[in-house]
Amino acid sequence: MTEKPLVCIVCPRGCRMTLTLPDGDAPLPEEIHVTGNACPRGETYARQEMTAPQRVLTSTVRLTGAALTRLPVKTSRAVPKERLRDLIRLLDTVTAAAPVHIGDILVKNALGTGADIVATRDMDAMETPE
Amino acid sequence: MKSKKNTTGLPTLHAGIVVIGGGPAGLAAALEAKKAGAPSVLVLERDTAAGGILNQCIHNGFGLHYFQEELTGPEYAGRFLHMVRETPGIEIKTDTMVLDVASLPAGEETRVRVQGVNPTEGYFQVDAGAAVLAMGCRERTRGAIGIPGTRPAGVYTAGCAQRYINIEGAMPGRRAVILGSGDIGLIMARRLTLEGAQVLACLELMPYSSGLQRNITQCLEDFGIPLYLSHTIIDIRGRERVEQVVAARVDENRRPIPGTEMVFDCDTVLLSVGLIPENELSRAAGAAIDPRTSGPLVDESMQTSLPGVFACGNVVHVHDLVDFVTMESGRAGRAAARYLARGATDGGTEPPAVPLYNGDNVTYTVPQRVHPGRLEKACEVFFRVNRVMEGAEILVTSGDAILLRKTRPHLAPGEMERLILPAALFDRAPEGLRISACPAEQGEQGE
């Protein structure tokens with residue numbers, strides 16, 4: 001058994017947790033004992049983080065037909081940490097066209113992660129002069 | 001809103017409440033003022049869109065307290081913009097720069113006169129019954145901290161670089177060093193890395209980071225970016241563009257230690273070295289400023305020293321979380337609406353305000369003074385401490401008497417603390433309350 005400190009990143013409270021891990025390279029989530037978490041999300045996060053860490057990706061894509069040229073987006077759920085770079089490269093190929101609304105899906109099931117790429121800002125269509 | 005000429009010759013708009021700034025503070029104040037019965041609310045915003053800095057904060061982590069879900073900055077702003085659109089009686093003028101705020105003498109129906117300018121209406125003024133100052137804050141720059149070296153291109157504040165990348169779609173550089181480990185600096189370390197730049201180091205003058213731990217984990221550790229605590233930049237080199245940065249370790253007096261220099265070959269320096277409440281308008285209007293916060297002195301309703309002029313959000317004190325800006329600003333908006341309804345009839349028989357003092361290890365409190373008679377049940381107090389404490393006690397005292405004692409597992413200067421003081425507490429301390437923080441004693445730290 002080994003003990004490991006971990007700060008929870010689920011919310012800004014940042015609980016300082018202590019994990020007890022079984023010996024060996026690949027612990028199963030349920031083998032990890034968590035203390036110091038103020039809510040159940042800490043335990044879920046710690047087990048996930050120790051076995052298959054995930055993050056929500058936020059970035060921007062090209063935008064046409066609006067006053068601005070970048071549209072902020074996010075993954076609709078957390079994705080495996082090691083897929084972040086692949087997803088960022090995917091976003092380079094995406095162009096959205098105004099009008100766009102918060103929550104509009106731009107890419108469904110991006111790279112098979114199960115997460116969609118969704119818009120995070122409303123962008124009105126610009127009336128172009130001439 | 002009707003427009004008419006007056007003696008100054010400026011076209012004049014009339015509003016029940018005028019709000020200066022359309023960021024999270026201004027939008028929350030406007031909404032709550034309208035809900036609390038203000039006849040009309042006019043929000044003046046200098047950017048081309050309302051929403052404030054949230055629009056460029058495309059990362060997530062906003063709203064966990066207020067909406068109980070995790071939103072990105074634009075989504076958080078979007079919720080408020082939507083609510084404002086659905087609420088008749090609130091008007092937002094964007095692209096509008098406010099040049100002057102004046103508090104008029106008591107007895108007039110117009111308590112506040114605001115002068116502003118925009119491309120469609122030119123120079124105009126707004127006469128209002130109350131005002132809410134919600135101008136936010138701005139970043140400290142290289143000039144504010146005096147970094148030695150040449151003056152090449154490539155030195156940006158972190159928020160400026162954030163705007164270039166997230167709004168303009170332009171990369172500020174390819175190899176960067178970040179000075180300061182505040183949240184914006186940490187967020188930008190990740191953002192630059194994801195967009196293909198290399199972040200060589202994040203340097204922090206203090207022996208601890210002022211950013212949230214979750215950002216150190218997700219933005220630095222995830223990408224293997226080293227954080228050097230007790231380090232600073234002692235030289236920036238380069239003629240046209242930044243070419244090198246020299247960093248050094250600092251001693252406990254924050255002086256560079258010779259022999260600890262590290263040279264980074266880079267083309268970009270980002271500064272995340274603190275935020276300053278933007279109070280030029282408040283000062284010119286004559287509002288008393290607290291030197292500890294650099295923001296207006298406020299009471300429990302966020303009213304400044306000027307009757308009918310309220311202030312909220314980062315213009316009062318710099319917050320870590322927008323959720324708390326929203327809550328504080330709602331309080332300011334409701335108070336402004338009540339002020340408008342009641343007229344300027346304060347004072348008289350009311351007992352004087354109770355001051356809040358800084359005790360040990362506390363650097364400021366907001367509000368700075370409280371009118372006990374105007375509290376409904378309790379008073380929400382925000383404060384910061386001056387050092388990291390693992391296991392701490394917060395004490396509220398009056399003279400030698402301890403009136404309230406709270407424990408906290410962890411206190412740090414980078415994390416704003418919140419304390420609820422019951423109204424009854426103030427009756428026991430008309431001469432003032434002192435708020436202090438101290439490391440918990442060994443015996444009490446145990447269980």
# chains A, B, ... in the order shown; residues from 1 in each chain; ligands from 1

$ residues_around --residues "Met50 in chain A" --least-positions-apart "5" --cutoff "12 Å" --atoms "only C-alpha atoms" --output "PDB file with C-alpha atoms, in the first residue's frame"
ATOM      1  CA  LYS A   4      -0.325   9.709  -2.283  1.00  0.00           C
ATOM      2  CA  PRO A   5      -1.499  13.308  -1.858  1.00  0.00           C
ATOM      3  CA  LEU A   6      -3.807  14.688  -4.544  1.00  0.00           C
ATOM      4  CA  CYS A   8      -9.052  17.786  -6.149  1.00  0.00           C
ATOM      5  CA  LEU A  19      -5.158   8.398  -1.606  1.00  0.00           C
ATOM      6  CA  THR A  20      -4.236   4.907  -0.499  1.00  0.00           C
ATOM      7  CA  LEU A  21      -3.190   2.876  -3.531  1.00  0.00           C
ATOM      8  CA  PRO A  22      -2.564  -0.869  -3.711  1.00  0.00           C
ATOM      9  CA  ASP A  25       1.245  -0.564 -11.680  1.00  0.00           C
ATOM     10  CA  ALA A  26      -2.398  -0.462 -12.628  1.00  0.00           C
ATOM     11  CA  PRO A  27      -4.790  -0.159  -9.705  1.00  0.00           C
ATOM     12  CA  LEU A  28      -8.478  -0.635 -10.339  1.00  0.00           C
ATOM     13  CA  PRO A  29     -10.638   2.399  -9.473  1.00  0.00           C
ATOM     14  CA  GLU A  30     -12.416   0.594  -6.643  1.00  0.00           C
ATOM     15  CA  GLU A  31      -9.080  -0.392  -5.053  1.00  0.00           C
ATOM     16  CA  ILE A  32      -8.228   3.258  -4.420  1.00  0.00           C
ATOM     17  CA  HIS A  33      -9.182   4.558  -0.997  1.00  0.00           C
ATOM     18  CA  VAL A  34      -9.786   8.322  -0.775  1.00  0.00           C
ATOM     19  CA  GLU A  43     -13.602  10.362  -4.770  1.00  0.00           C
ATOM     20  CA  THR A  44     -14.845   9.953  -8.333  1.00  0.00           C
ATOM     21  CA  TYR A  45     -12.213  12.369  -9.590  1.00  0.00           C
ATOM     22  CA  LYS A  81      -6.127  13.514 -21.364  1.00  0.00           C
TER      23      LYS A  81
END

$ closest_atom_pairs --of "chain A" --to "chain B" --cutoff "8 Å" --atoms "only C-alpha atoms" --output "JSON lines"
{"residue": "A:Val7", "atom": "CA", "partner": "B:Gln213", "partner_atom": "CA", "distance": 7.1}
{"residue": "A:Cys8", "atom": "CA", "partner": "B:Arg214", "partner_atom": "CA", "distance": 7.0}
{"residue": "A:Ile9", "atom": "CA", "partner": "B:Arg214", "partner_atom": "CA", "distance": 4.4}
{"residue": "A:Val10", "atom": "CA", "partner": "B:Arg214", "partner_atom": "CA", "distance": 7.6}
{"residue": "A:Cys11", "atom": "CA", "partner": "B:Leu64", "partner_atom": "CA", "distance": 6.9}
{"residue": "A:Pro12", "atom": "CA", "partner": "B:Arg214", "partner_atom": "CA", "distance": 6.7}
{"residue": "A:Gly14", "atom": "CA", "partner": "B:Gln213", "partner_atom": "CA", "distance": 6.3}
{"residue": "A:Val56", "atom": "CA", "partner": "B:Asn60", "partner_atom": "CA", "distance": 7.9}
{"residue": "A:Thr58", "atom": "CA", "partner": "B:His59", "partner_atom": "CA", "distance": 5.5}
{"residue": "A:Ser59", "atom": "CA", "partner": "B:Ile58", "partner_atom": "CA", "distance": 6.8}
{"residue": "A:Thr60", "atom": "CA", "partner": "B:Asn166", "partner_atom": "CA", "distance": 6.5}
{"residue": "A:Leu68", "atom": "CA", "partner": "B:Ile167", "partner_atom": "CA", "distance": 7.2}
{"residue": "A:Thr69", "atom": "CA", "partner": "B:Glu168", "partner_atom": "CA", "distance": 6.8}
{"residue": "A:Arg70", "atom": "CA", "partner": "B:Ile167", "partner_atom": "CA", "distance": 5.9}
{"residue": "A:Leu71", "atom": "CA", "partner": "B:Ile167", "partner_atom": "CA", "distance": 7.9}
{"residue": "A:Pro72", "atom": "CA", "partner": "B:Ile58", "partner_atom": "CA", "distance": 6.1}
{"residue": "A:Val73", "atom": "CA", "partner": "B:Ile58", "partner_atom": "CA", "distance": 7.7}
{"residue": "A:Arg85", "atom": "CA", "partner": "B:Leu194", "partner_atom": "CA", "distance": 6.9}
{"residue": "A:Ile88", "atom": "CA", "partner": "B:Leu194", "partner_atom": "CA", "distance": 7.0}
{"residue": "A:Ile102", "atom": "CA", "partner": "B:Glu75", "partner_atom": "CA", "distance": 7.0}
{"residue": "A:Thr120", "atom": "CA", "partner": "B:Glu75", "partner_atom": "CA", "distance": 5.5}
{"residue": "A:Arg121", "atom": "CA", "partner": "B:Pro74", "partner_atom": "CA", "distance": 5.4}
{"residue": "A:Asp122", "atom": "CA", "partner": "B:Gly78", "partner_atom": "CA", "distance": 7.3}

$ residues_around --residues "Pro80 in chain A" --least-positions-apart "3" --cutoff "10 Å" --atoms "only C-alpha atoms" --output "list in words"
Ala52, Pro53, Gln54, Arg55, Val56, Leu57, Arg83, Leu84 and Thr113 of chain A

$ atom_distance --atom1 "CA of Lys74 in chain A" --atom2 "CA of Met123 in chain A"
15.3 Å

$ residues_around --residues "Asp86 in chain A" --least-positions-apart "5" --cutoff "10 Å" --atoms "only C-alpha atoms" --output "VMD selection string"
chain A and resid 91 110 to 111

$ atom_distance --atom1 "CA of Leu10 in chain B" --atom2 "CA of Gly89 in chain B"
23.4 Å

$ decode --residues "range 1-117 of chain A" --atoms "C-alpha atoms" --output "PDB file, in the first residue's frame"
ATOM      1  CA  MET A   1       0.000   0.000   0.000  1.00  0.00           C
ATOM      2  CA  THR A   2       1.248   3.493  -0.772  1.00  0.00           C
ATOM      3  CA  GLU A   3      -0.188   6.866   0.218  1.00  0.00           C
ATOM      4  CA  LYS A   4      -0.325   9.709  -2.283  1.00  0.00           C
ATOM      5  CA  PRO A   5      -1.499  13.308  -1.858  1.00  0.00           C
ATOM      6  CA  LEU A   6      -3.807  14.688  -4.544  1.00  0.00           C
ATOM      7  CA  VAL A   7      -5.529  18.052  -4.786  1.00  0.00           C
ATOM      8  CA  CYS A   8      -9.052  17.786  -6.149  1.00  0.00           C
ATOM      9  CA  ILE A   9      -9.605  19.941  -9.259  1.00  0.00           C
ATOM     10  CA  VAL A  10     -13.350  19.413  -9.611  1.00  0.00           C
ATOM     11  CA  CYS A  11     -14.187  22.795  -8.092  1.00  0.00           C
ATOM     12  CA  PRO A  12     -12.228  25.847  -6.864  1.00  0.00           C
ATOM     13  CA  ARG A  13     -12.392  24.642  -3.265  1.00  0.00           C
ATOM     14  CA  GLY A  14      -9.400  22.384  -4.046  1.00  0.00           C
ATOM     15  CA  CYS A  15      -9.719  19.704  -1.359  1.00  0.00           C
ATOM     16  CA  ARG A  16      -6.383  18.220  -0.321  1.00  0.00           C
ATOM     17  CA  MET A  17      -7.025  14.507  -0.491  1.00  0.00           C
ATOM     18  CA  THR A  18      -4.966  11.498   0.559  1.00  0.00           C
ATOM     19  CA  LEU A  19      -5.158   8.398  -1.606  1.00  0.00           C
ATOM     20  CA  THR A  20      -4.236   4.907  -0.499  1.00  0.00           C
ATOM     21  CA  LEU A  21      -3.190   2.876  -3.531  1.00  0.00           C
ATOM     22  CA  PRO A  22      -2.564  -0.869  -3.711  1.00  0.00           C
ATOM     23  CA  ASP A  23       0.951  -1.929  -4.767  1.00  0.00           C
ATOM     24  CA  GLY A  24       1.391  -2.579  -8.457  1.00  0.00           C
ATOM     25  CA  ASP A  25       1.245  -0.564 -11.680  1.00  0.00           C
ATOM     26  CA  ALA A  26      -2.398  -0.462 -12.628  1.00  0.00           C
ATOM     27  CA  PRO A  27      -4.790  -0.159  -9.705  1.00  0.00           C
ATOM     28  CA  LEU A  28      -8.478  -0.635 -10.339  1.00  0.00           C
ATOM     29  CA  PRO A  29     -10.638   2.399  -9.473  1.00  0.00           C
ATOM     30  CA  GLU A  30     -12.416   0.594  -6.643  1.00  0.00           C
ATOM     31  CA  GLU A  31      -9.080  -0.392  -5.053  1.00  0.00           C
ATOM     32  CA  ILE A  32      -8.228   3.258  -4.420  1.00  0.00           C
ATOM     33  CA  HIS A  33      -9.182   4.558  -0.997  1.00  0.00           C
ATOM     34  CA  VAL A  34      -9.786   8.322  -0.775  1.00  0.00           C
ATOM     35  CA  THR A  35      -9.860  10.576   2.310  1.00  0.00           C
ATOM     36  CA  GLY A  36      -9.934  14.361   2.729  1.00  0.00           C
ATOM     37  CA  ASN A  37     -12.600  14.963   0.065  1.00  0.00           C
ATOM     38  CA  ALA A  38     -15.511  17.199   1.088  1.00  0.00           C
ATOM     39  CA  CYS A  39     -17.927  15.676  -1.428  1.00  0.00           C
ATOM     40  CA  PRO A  40     -18.365  12.466  -3.451  1.00  0.00           C
ATOM     41  CA  ARG A  41     -17.071  14.144  -6.611  1.00  0.00           C
ATOM     42  CA  GLY A  42     -13.600  14.136  -5.069  1.00  0.00           C
ATOM     43  CA  GLU A  43     -13.602  10.362  -4.770  1.00  0.00           C
ATOM     44  CA  THR A  44     -14.845   9.953  -8.333  1.00  0.00           C
ATOM     45  CA  TYR A  45     -12.213  12.369  -9.590  1.00  0.00           C
ATOM     46  CA  ALA A  46      -9.366  10.713  -7.640  1.00  0.00           C
ATOM     47  CA  ARG A  47     -10.209   7.242  -8.945  1.00  0.00           C
ATOM     48  CA  GLN A  48     -10.564   8.536 -12.490  1.00  0.00           C
ATOM     49  CA  GLU A  49      -7.354  10.568 -12.248  1.00  0.00           C
ATOM     50  CA  MET A  50      -5.326   7.591 -11.018  1.00  0.00           C
ATOM     51  CA  THR A  51      -6.645   5.207 -13.657  1.00  0.00           C
ATOM     52  CA  ALA A  52      -7.684   7.176 -16.793  1.00  0.00           C
ATOM     53  CA  PRO A  53      -7.342  10.957 -16.362  1.00  0.00           C
ATOM     54  CA  GLN A  54      -9.826  13.111 -18.257  1.00  0.00           C
ATOM     55  CA  ARG A  55     -10.165  16.811 -19.025  1.00  0.00           C
ATOM     56  CA  VAL A  56     -12.695  19.087 -20.711  1.00  0.00           C
ATOM     57  CA  LEU A  57     -11.003  20.755 -23.699  1.00  0.00           C
ATOM     58  CA  THR A  58     -11.778  24.405 -24.438  1.00  0.00           C
ATOM     59  CA  SER A  59     -10.457  26.250 -27.492  1.00  0.00           C
ATOM     60  CA  THR A  60     -11.680  28.203 -30.502  1.00  0.00           C
ATOM     61  CA  VAL A  61     -12.521  27.464 -34.142  1.00  0.00           C
ATOM     62  CA  ARG A  62     -12.697  29.643 -37.256  1.00  0.00           C
ATOM     63  CA  LEU A  63     -15.900  31.646 -37.620  1.00  0.00           C
ATOM     64  CA  THR A  64     -17.353  33.250 -40.744  1.00  0.00           C
ATOM     65  CA  GLY A  65     -20.155  35.752 -41.209  1.00  0.00           C
ATOM     66  CA  ALA A  66     -19.916  37.382 -37.749  1.00  0.00           C
ATOM     67  CA  ALA A  67     -18.308  40.506 -36.309  1.00  0.00           C
ATOM     68  CA  LEU A  68     -15.581  38.302 -34.812  1.00  0.00           C
ATOM     69  CA  THR A  69     -13.513  35.596 -36.524  1.00  0.00           C
ATOM     70  CA  ARG A  70     -13.089  33.087 -33.673  1.00  0.00           C
ATOM     71  CA  LEU A  71     -15.802  31.054 -31.981  1.00  0.00           C
ATOM     72  CA  PRO A  72     -15.092  29.576 -28.533  1.00  0.00           C
ATOM     73  CA  VAL A  73     -15.911  25.876 -28.193  1.00  0.00           C
ATOM     74  CA  LYS A  74     -15.610  23.032 -25.696  1.00  0.00           C
ATOM     75  CA  THR A  75     -15.952  19.282 -25.563  1.00  0.00           C
ATOM     76  CA  SER A  76     -19.414  18.390 -24.277  1.00  0.00           C
ATOM     77  CA  ARG A  77     -17.822  16.111 -21.663  1.00  0.00           C
ATOM     78  CA  ALA A  78     -14.385  15.259 -20.320  1.00  0.00           C
ATOM     79  CA  VAL A  79     -12.151  13.377 -22.748  1.00  0.00           C
ATOM     80  CA  PRO A  80      -9.060  11.232 -22.101  1.00  0.00           C
ATOM     81  CA  LYS A  81      -6.127  13.514 -21.364  1.00  0.00           C
ATOM     82  CA  GLU A  82      -3.943  11.880 -24.022  1.00  0.00           C
ATOM     83  CA  ARG A  83      -6.459  12.797 -26.748  1.00  0.00           C
ATOM     84  CA  LEU A  84      -6.264  16.583 -26.118  1.00  0.00           C
ATOM     85  CA  ARG A  85      -3.596  17.219 -28.772  1.00  0.00           C
ATOM     86  CA  ASP A  86      -5.442  15.173 -31.412  1.00  0.00           C
ATOM     87  CA  LEU A  87      -8.637  17.088 -30.688  1.00  0.00           C
ATOM     88  CA  ILE A  88      -6.845  20.440 -30.916  1.00  0.00           C
ATOM     89  CA  ARG A  89      -5.575  19.420 -34.384  1.00  0.00           C
ATOM     90  CA  LEU A  90      -9.120  18.465 -35.340  1.00  0.00           C
ATOM     91  CA  LEU A  91     -10.350  21.933 -34.332  1.00  0.00           C
ATOM     92  CA  ASP A  92      -7.916  23.480 -36.838  1.00  0.00           C
ATOM     93  CA  THR A  93     -10.047  21.952 -39.597  1.00  0.00           C
ATOM     94  CA  VAL A  94     -13.423  23.181 -38.281  1.00  0.00           C
ATOM     95  CA  THR A  95     -15.124  26.355 -39.523  1.00  0.00           C
ATOM     96  CA  ALA A  96     -18.412  27.568 -38.051  1.00  0.00           C
ATOM     97  CA  ALA A  97     -20.783  29.979 -39.812  1.00  0.00           C
ATOM     98  CA  ALA A  98     -22.814  32.612 -37.956  1.00  0.00           C
ATOM     99  CA  PRO A  99     -25.431  32.678 -36.587  1.00  0.00           C
ATOM    100  CA  VAL A 100     -24.272  30.281 -33.891  1.00  0.00           C
ATOM    101  CA  HIS A 101     -25.873  29.617 -30.523  1.00  0.00           C
ATOM    102  CA  ILE A 102     -24.453  28.337 -27.261  1.00  0.00           C
ATOM    103  CA  GLY A 103     -24.699  24.557 -27.302  1.00  0.00           C
ATOM    104  CA  ASP A 104     -24.791  24.144 -31.119  1.00  0.00           C
ATOM    105  CA  ILE A 105     -22.957  20.931 -32.005  1.00  0.00           C
ATOM    106  CA  LEU A 106     -20.142  21.535 -34.516  1.00  0.00           C
ATOM    107  CA  VAL A 107     -18.598  18.039 -34.509  1.00  0.00           C
ATOM    108  CA  LYS A 108     -20.506  14.992 -33.309  1.00  0.00           C
ATOM    109  CA  ASN A 109     -18.573  12.318 -31.363  1.00  0.00           C
ATOM    110  CA  ALA A 110     -15.219  13.970 -32.041  1.00  0.00           C
ATOM    111  CA  LEU A 111     -12.547  11.382 -32.914  1.00  0.00           C
ATOM    112  CA  GLY A 112     -14.704   8.680 -31.350  1.00  0.00           C
ATOM    113  CA  THR A 113     -14.276  10.077 -27.838  1.00  0.00           C
ATOM    114  CA  GLY A 114     -18.023  10.233 -27.275  1.00  0.00           C
ATOM    115  CA  ALA A 115     -17.752  14.004 -26.738  1.00  0.00           C
ATOM    116  CA  ASP A 116     -19.220  16.542 -29.145  1.00  0.00           C
ATOM    117  CA  ILE A 117     -17.546  19.847 -29.986  1.00  0.00           C
TER     118      ILE A 117
END
